[in-house]
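> This is the content of final.txt (compact mmCIF, C-alpha atoms):
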# COMPACT_ATOMS: atom_id res chain seq x y z
CA MET A 86 12.36 -10.78 25.53
CA LYS A 87 11.64 -13.47 22.95
CA ASN A 88 13.30 -14.29 19.65
CA ILE A 89 10.80 -14.49 16.80
CA LEU A 90 11.36 -16.01 13.36
CA VAL A 91 9.06 -15.16 10.46
CA VAL A 92 9.58 -17.54 7.53
CA ALA A 93 8.42 -16.20 4.16
CA PRO A 94 8.49 -18.08 0.85
CA HIS A 95 8.73 -14.76 -1.03
CA ALA A 96 9.41 -11.17 -0.05
CA ASP A 97 6.19 -9.42 1.10
CA ASP A 98 4.48 -12.59 2.37
CA GLU A 99 5.80 -11.75 5.83
CA VAL A 100 4.20 -8.28 5.85
CA LEU A 101 0.91 -9.42 4.32
CA GLY A 102 0.65 -12.25 6.83
CA CYS A 103 2.00 -10.78 10.04
CA GLY A 104 3.37 -7.28 9.53
CA GLY A 105 1.27 -5.96 12.39
CA SER A 106 2.39 -8.76 14.69
CA ILE A 107 6.03 -8.04 13.81
CA ALA A 108 5.49 -4.40 14.79
CA LYS A 109 3.81 -5.48 18.03
CA HIS A 110 6.62 -7.89 18.94
CA VAL A 111 9.18 -5.15 18.38
CA ARG A 112 7.13 -2.69 20.43
CA LEU A 113 7.05 -5.22 23.30
CA GLY A 114 10.83 -5.64 23.19
CA ASP A 115 11.17 -8.89 21.25
CA LYS A 116 13.75 -9.50 18.53
CA VAL A 117 12.25 -10.39 15.15
CA TYR A 118 14.17 -12.16 12.39
CA VAL A 119 12.75 -12.58 8.89
CA ALA A 120 13.90 -15.33 6.53
CA ILE A 121 13.03 -14.85 2.85
CA MET A 122 13.53 -18.32 1.46
CA THR A 123 13.49 -18.15 -2.35
CA ASN A 124 15.05 -16.47 -5.35
CA ALA A 125 12.81 -16.64 -8.41
CA ALA A 126 15.61 -15.50 -10.72
CA ILE A 127 17.32 -18.81 -9.98
CA GLY A 128 14.18 -20.94 -10.16
CA ALA A 129 12.59 -19.34 -13.23
CA PRO A 130 15.04 -16.96 -14.95
CA GLU A 131 12.79 -16.90 -18.02
CA LEU A 132 10.10 -15.23 -15.89
CA PHE A 133 12.06 -13.27 -13.28
CA SER A 134 15.24 -11.27 -13.85
CA SER A 135 17.98 -10.95 -11.27
CA GLU A 136 17.38 -7.18 -11.40
CA SER A 137 13.75 -7.60 -10.38
CA ILE A 138 14.73 -9.81 -7.42
CA THR A 139 17.38 -7.31 -6.34
CA ALA A 140 14.73 -4.59 -6.48
CA VAL A 141 12.15 -6.47 -4.40
CA ARG A 142 14.80 -7.43 -1.86
CA ALA A 143 15.67 -3.76 -1.49
CA GLU A 144 11.97 -3.08 -0.90
CA ALA A 145 11.96 -5.82 1.74
CA LEU A 146 14.92 -4.30 3.56
CA GLU A 147 13.25 -0.89 3.58
CA SER A 148 10.00 -2.45 4.79
CA HIS A 149 11.70 -4.42 7.56
CA LYS A 150 13.70 -1.40 8.70
CA SER A 151 10.46 0.51 9.16
CA LEU A 152 9.08 -2.37 11.27
CA GLY A 153 12.20 -2.64 13.42
CA VAL A 154 13.20 -6.14 12.27
CA GLU A 155 16.44 -7.24 13.91
CA GLU A 156 17.83 -9.02 10.83
CA THR A 157 16.65 -10.03 7.38
CA LEU A 158 18.10 -13.20 5.89
CA PHE A 159 17.83 -13.98 2.19
CA PHE A 160 18.17 -17.51 0.85
CA ASP A 161 18.31 -18.63 -2.76
CA PHE A 162 16.11 -21.71 -2.96
CA PRO A 163 14.50 -21.91 -6.42
CA ALA A 164 11.01 -20.47 -6.84
CA PRO A 165 8.52 -21.22 -8.32
CA GLN A 166 9.66 -24.84 -8.48
CA LEU A 167 10.32 -25.39 -4.80
CA GLU A 168 8.17 -28.53 -4.68
CA GLN A 169 10.84 -30.21 -6.86
CA TYR A 170 13.68 -29.28 -4.51
CA PRO A 171 14.87 -31.61 -1.68
CA GLN A 172 12.95 -30.36 1.35
CA TYR A 173 15.50 -31.70 3.81
CA LYS A 174 17.97 -29.09 2.57
CA ILE A 175 15.51 -26.30 3.32
CA ALA A 176 14.71 -27.81 6.73
CA SER A 177 18.42 -28.10 7.53
CA ILE A 178 19.02 -24.40 6.86
CA LEU A 179 16.01 -23.43 8.97
CA ASN A 180 17.05 -25.75 11.79
CA ALA A 181 20.49 -24.16 11.92
CA LEU A 182 18.90 -20.70 11.96
CA ILE A 183 16.54 -21.68 14.78
CA LYS A 184 19.46 -22.88 16.90
CA GLU A 185 21.67 -19.90 16.10
CA LYS A 186 19.00 -17.34 17.04
CA ASN A 187 17.45 -19.40 19.88
CA ILE A 188 13.99 -18.96 18.38
CA ASP A 189 10.98 -19.15 20.69
CA THR A 190 8.15 -18.41 18.23
CA MET A 191 7.81 -19.06 14.50
CA TYR A 192 5.35 -17.62 12.01
CA ILE A 193 5.12 -19.75 8.87
CA PRO A 194 2.92 -19.78 5.74
CA HIS A 195 -0.31 -21.72 5.64
CA LYS A 196 -0.01 -25.20 4.10
CA GLY A 197 -3.11 -24.84 1.89
CA ASP A 198 -2.09 -21.67 0.03
CA LEU A 199 -2.46 -21.67 -3.74
CA HIS A 200 1.26 -21.22 -4.35
CA LEU A 201 2.94 -24.59 -3.84
CA ASP A 202 6.09 -22.89 -2.53
CA HIS A 203 4.11 -21.97 0.59
CA GLY A 204 3.26 -25.59 1.34
CA VAL A 205 6.89 -26.61 0.91
CA ILE A 206 8.10 -23.96 3.35
CA TYR A 207 5.36 -24.96 5.79
CA ASN A 208 6.51 -28.59 5.74
CA ALA A 209 10.21 -27.72 5.95
CA SER A 210 9.53 -25.39 8.89
CA LEU A 211 7.78 -28.14 10.84
CA VAL A 212 10.66 -30.52 10.19
CA ALA A 213 13.17 -27.87 11.29
CA ALA A 214 11.22 -27.19 14.51
CA ARG A 215 10.37 -30.76 15.50
CA PRO A 216 9.58 -30.91 19.25
CA VAL A 217 12.55 -33.09 20.17
CA PRO A 218 14.28 -32.72 23.56
CA GLY A 219 16.15 -29.43 23.66
CA GLN A 220 14.04 -27.77 20.95
CA CYS A 221 13.84 -24.04 21.67
CA VAL A 222 10.75 -23.36 19.51
CA ARG A 223 7.68 -23.28 21.74
CA HIS A 224 5.06 -21.71 19.48
CA ILE A 225 4.34 -22.08 15.76
CA TYR A 226 1.61 -20.10 14.02
CA ALA A 227 0.56 -20.24 10.36
CA TYR A 228 -0.34 -16.89 8.81
CA GLU A 229 -2.73 -16.08 5.98
CA THR A 230 -1.35 -14.39 2.87
CA LEU A 231 -3.76 -12.32 0.81
CA SER A 232 -3.75 -13.46 -2.86
CA GLU A 233 -2.57 -16.92 -1.80
CA THR A 234 -4.53 -18.25 1.18
CA GLU A 235 -8.00 -17.25 -0.01
CA TRP A 236 -7.23 -18.71 -3.45
CA GLY A 237 -6.06 -22.02 -1.98
CA HIS A 238 -7.44 -25.51 -2.30
CA PRO A 239 -11.16 -25.59 -1.34
CA THR A 240 -10.89 -28.74 0.75
CA VAL A 241 -11.41 -29.26 4.45
CA GLU A 242 -7.84 -30.33 5.19
CA ALA A 243 -6.36 -27.31 3.37
CA PHE A 244 -8.75 -24.63 4.63
CA PHE A 245 -7.34 -21.78 6.73
CA ILE A 246 -8.94 -21.79 10.18
CA PRO A 247 -8.24 -18.69 12.32
CA ARG A 248 -7.69 -19.95 15.87
CA TYR A 249 -5.33 -17.34 17.28
CA PHE A 250 -6.04 -13.62 17.04
CA ASN A 251 -3.35 -11.04 17.67
CA VAL A 252 -5.10 -7.74 18.40
CA LEU A 253 -3.24 -4.74 16.98
CA ASN A 254 -3.33 -1.20 18.25
CA ASP A 255 -3.46 1.77 15.88
CA LEU A 256 0.33 2.11 15.81
CA ASP A 257 0.88 -1.59 15.06
CA PHE A 258 -1.54 -1.50 12.16
CA ALA A 259 -0.19 1.78 10.80
CA SER A 260 3.27 0.20 10.86
CA LYS A 261 1.98 -2.74 8.81
CA ILE A 262 0.48 -0.43 6.19
CA LYS A 263 3.67 1.64 6.00
CA ALA A 264 5.75 -1.51 5.63
CA MET A 265 3.52 -2.86 2.86
CA GLN A 266 3.66 0.43 0.98
CA CYS A 267 7.40 -0.14 0.61
CA PHE A 268 6.58 -2.99 -1.79
CA SER A 269 5.56 -0.77 -4.69
CA SER A 270 6.44 -3.52 -7.18
CA GLN A 271 4.01 -5.94 -5.54
CA LEU A 272 1.00 -3.81 -4.61
CA LYS A 273 -2.11 -3.81 -6.79
CA GLU A 274 -5.24 -1.69 -6.97
CA PHE A 275 -8.39 -2.78 -5.13
CA PRO A 276 -10.33 -5.04 -5.60
CA ASN A 277 -7.16 -7.10 -6.07
CA THR A 278 -6.52 -8.78 -2.73
CA ARG A 279 -2.88 -7.69 -2.77
CA SER A 280 -3.91 -4.09 -2.13
CA ILE A 281 -3.87 -1.75 0.85
CA LYS A 282 -7.66 -1.60 1.00
CA ALA A 283 -7.93 -5.41 1.08
CA ILE A 284 -5.40 -5.52 3.92
CA GLU A 285 -7.48 -2.96 5.81
CA HIS A 286 -10.68 -4.93 5.20
CA LEU A 287 -9.19 -8.25 6.35
CA SER A 288 -7.66 -6.71 9.48
CA ALA A 289 -11.00 -5.12 10.35
CA LEU A 290 -12.84 -8.40 9.79
CA ARG A 291 -10.41 -10.41 11.92
CA GLY A 292 -10.63 -7.74 14.59
CA ALA A 293 -14.43 -7.83 14.54
CA TYR A 294 -14.27 -11.59 15.17
CA VAL A 295 -12.87 -10.83 18.62
CA GLY A 296 -14.39 -7.42 19.39
CA ALA A 297 -11.41 -5.33 18.32
CA ASN A 298 -10.80 -2.74 15.62
CA THR A 299 -7.95 -4.60 13.93
CA ALA A 300 -6.25 -7.96 14.31
CA GLU A 301 -4.21 -10.56 12.47
CA SER A 302 -5.31 -14.15 12.67
CA PHE A 303 -3.33 -17.38 12.60
CA ASP A 304 -3.82 -21.10 12.75
CA ILE A 305 -2.15 -22.61 15.80
CA ILE A 306 0.23 -25.36 14.71
CA ARG A 307 1.79 -25.89 18.11
CA SER A 308 1.87 -23.94 21.37
CA ILE A 309 3.70 -25.32 24.39
CA SER A 310 3.07 -23.77 27.79
CA ASP A 311 6.12 -23.05 29.93
Turn this file's structure into structure tokens for me.


Amino acid sequence: MKNILVVAPHADDEVLGCGGSIAKHVRLGDKVYVAIMTNAAIGAPELFSSESITAVRAEALESHKSLGVEETLFFDFPAPQLEQYPQYKIASILNALIKEKNIDTMYIPHKGDLHLDHGVIYNASLVAARPVPGQCVRHIYAYETLSETEWGHPTVEAFFIPRYFNVLNDLDFASKIKAMQCFSSQLKEFPNTRSIKAIEHLSALRGAYVGANTAESFDIIRSISD
């Protein structure tokens, strides 16, 4: 059994990016923890009400329950102005969480996503999981988030490169779709990329890359063999 930590800047990023992989980890007997890092009602109260954040967090809890997540942790770092917040404070919280849960594998957002909060969480995650002696984190993968990753900076250094493919069976993928459907406040109609059909298309495309029906793809940030 392994302890997995999925770090999400905002609620639903974790399901868009690796909901199927979460379901697969749980099916294989691993414990999955999800950390939702921001509270937009604190960062931009003129745009996001506390009631709307409470509602989306309730959706997240319902979604994670359906996936079999061991524990969901909510933090209140200010979105959407995270790039102005001291990153060492975010890294410190994540580092403590990594040690407390003895995390083996981390899934983190891609650094080149359009939303700057994603890049901040990416950087803070790497600081928190630095490969110093005694570090329990062995594997770090960056996930792609529909409506963020594909809209990101069109430069070579910020481009998402799928290097690791996690093949999903029918049950894993069905679990991802069910979990995403819990986020009724966030889902859009196709052809918006934050839609069920877009999720199905991307999973089929990533699966076809490796001769499978469905898959989720990740960039490999670090993977240490035992």

> What's the separation between atom CA of A:Val205 and atom CA of A:His95, in Å to one decimal place?

12.1 Å

> Could you list, as a PyMOL selection string, every residue within 6 Å of A:Ser148, counting all atoms listed in the file and ignoring same-chain residues fewer than 2 positions away?

chain A and resi 145-146+150-151+264+267

> If we count only C-alpha atoms and set the cut-off at 9 Å, which residues sit around A:Ala126, ignoring sequence neighbours fewer than 2 positions away in its own chain? Please answer as JSON, numbers by chain.

{"A": [124, 128, 129, 130, 131, 132, 133, 134, 135, 136, 137, 138, 161, 163, 164]}

> Kindly assemble as a tab-separated table a list of the stretch 123-202 of chain A residues that lie within 12 Å of stretch 210-224 of chain A, each paired with its nearest atom pair and their distance in Å to one decimal, using only C-alpha atoms, sorted first by chain and then by ascending residue number.


residue	atom	partner	partner_atom	distance
A:Gln172	CA	A:Val212	CA	9.1
A:Tyr173	CA	A:Val212	CA	8.1
A:Lys174	CA	A:Ala213	CA	10.0
A:Ile175	CA	A:Ser210	CA	8.2
A:Ala176	CA	A:Ala213	CA	4.8
A:Ser177	CA	A:Ala213	CA	6.5
A:Ile178	CA	A:Ala213	CA	8.1
A:Leu179	CA	A:Ala213	CA	5.8
A:Asn180	CA	A:Ala213	CA	4.4
A:Ala181	CA	A:Ala213	CA	8.2
A:Leu182	CA	A:Ala213	CA	9.2
A:Ile183	CA	A:Val222	CA	7.7
A:Lys184	CA	A:Cys221	CA	7.5
A:Glu185	CA	A:Cys221	CA	10.5
A:Lys186	CA	A:Cys221	CA	9.6
A:Asn187	CA	A:Cys221	CA	6.1
A:Ile188	CA	A:Val222	CA	5.6
A:Asp189	CA	A:Val222	CA	4.4
A:Thr190	CA	A:His224	CA	4.7
A:Met191	CA	A:His224	CA	6.3
A:Tyr192	CA	A:His224	CA	8.5
A:Ile193	CA	A:Ser210	CA	7.2
A:Pro194	CA	A:Ser210	CA	9.2
A:His195	CA	A:Ser210	CA	11.0
A:Lys196	CA	A:Ser210	CA	10.7

> From the set A:Ala209, A:Asp202, A:Glu147, A:Asp255, which residue has the shortest atom-to-atom contact distance to A:Gln169, counting only C-alpha atoms?

A:Asp202

> Just to confirm, what's the straight-line distance from atom CA of A:Thr234 to atom CA of A:Leu90 in Å (one decimal)?

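Going from atom CA of A:Thr234 over to atom CA of A:Leu90 covers 20.1 Å.
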
> Distance cut-off 8 Å, centre (16.1, -18.8, 0.9) in file coordinates, counting only C-alpha atoms: which residues qualify? Return them as a PyMOL selection string.

chain A and resi 94+120-124+158-162+175

> Could the residues in this selection be written to a file with C-alpha atoms, as an mmCIF file, keeping the file's coordinate frame?


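The file below, result26.cif, is the result:
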data_model
loop_
_atom_site.group_PDB
_atom_site.id
_atom_site.type_symbol
_atom_site.label_atom_id
_atom_site.label_comp_id
_atom_site.auth_asym_id
_atom_site.auth_seq_id
_atom_site.Cartn_x
_atom_site.Cartn_y
_atom_site.Cartn_z
ATOM 1 C CA PRO A 94 8.490 -18.080 0.850
ATOM 2 C CA ALA A 120 13.900 -15.330 6.530
ATOM 3 C CA ILE A 121 13.030 -14.850 2.850
ATOM 4 C CA MET A 122 13.530 -18.320 1.460
ATOM 5 C CA THR A 123 13.490 -18.150 -2.350
ATOM 6 C CA ASN A 124 15.050 -16.470 -5.350
ATOM 7 C CA LEU A 158 18.100 -13.200 5.890
ATOM 8 C CA PHE A 159 17.830 -13.980 2.190
ATOM 9 C CA PHE A 160 18.170 -17.510 0.850
ATOM 10 C CA ASP A 161 18.310 -18.630 -2.760
ATOM 11 C CA PHE A 162 16.110 -21.710 -2.960
ATOM 12 C CA ILE A 175 15.510 -26.300 3.320
#

> I need the residue nearest A:Asp115 from this list: A:Ile206, A:Leu101, A:Ala300, A:Val154. Use all atoms listed in the file for the distance.

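So, comparing all the options, the nearest one is A:Val154.
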
> Between atom CA of A:His200 and atom CA of A:Gln271, what is the spacing in Å?

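So the two atoms, atom CA of A:Gln271 and atom CA of A:His200, lie 15.6 Å apart.
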
> Give me the residues within 12 Å of stretch 277-286 of chain A as a count of residues only, counting only C-alpha atoms and dropping any in the same chain fewer than 6 places off.

36

> I'd like the neighbourhood of A:Ser302 as a CSV table (one decimal) with C-alpha atoms, keeping the file's coordinate frame, where a residue qualifies if any of its atoms comes within 6 Å (using only C-alpha atoms), though same-chain residues fewer than 4 positions away should be ignored.


chain,number,residue,atom,x,y,z
A,247,PRO,CA,-8.2,-18.7,12.3
A,249,TYR,CA,-5.3,-17.3,17.3
A,250,PHE,CA,-6.0,-13.6,17.0
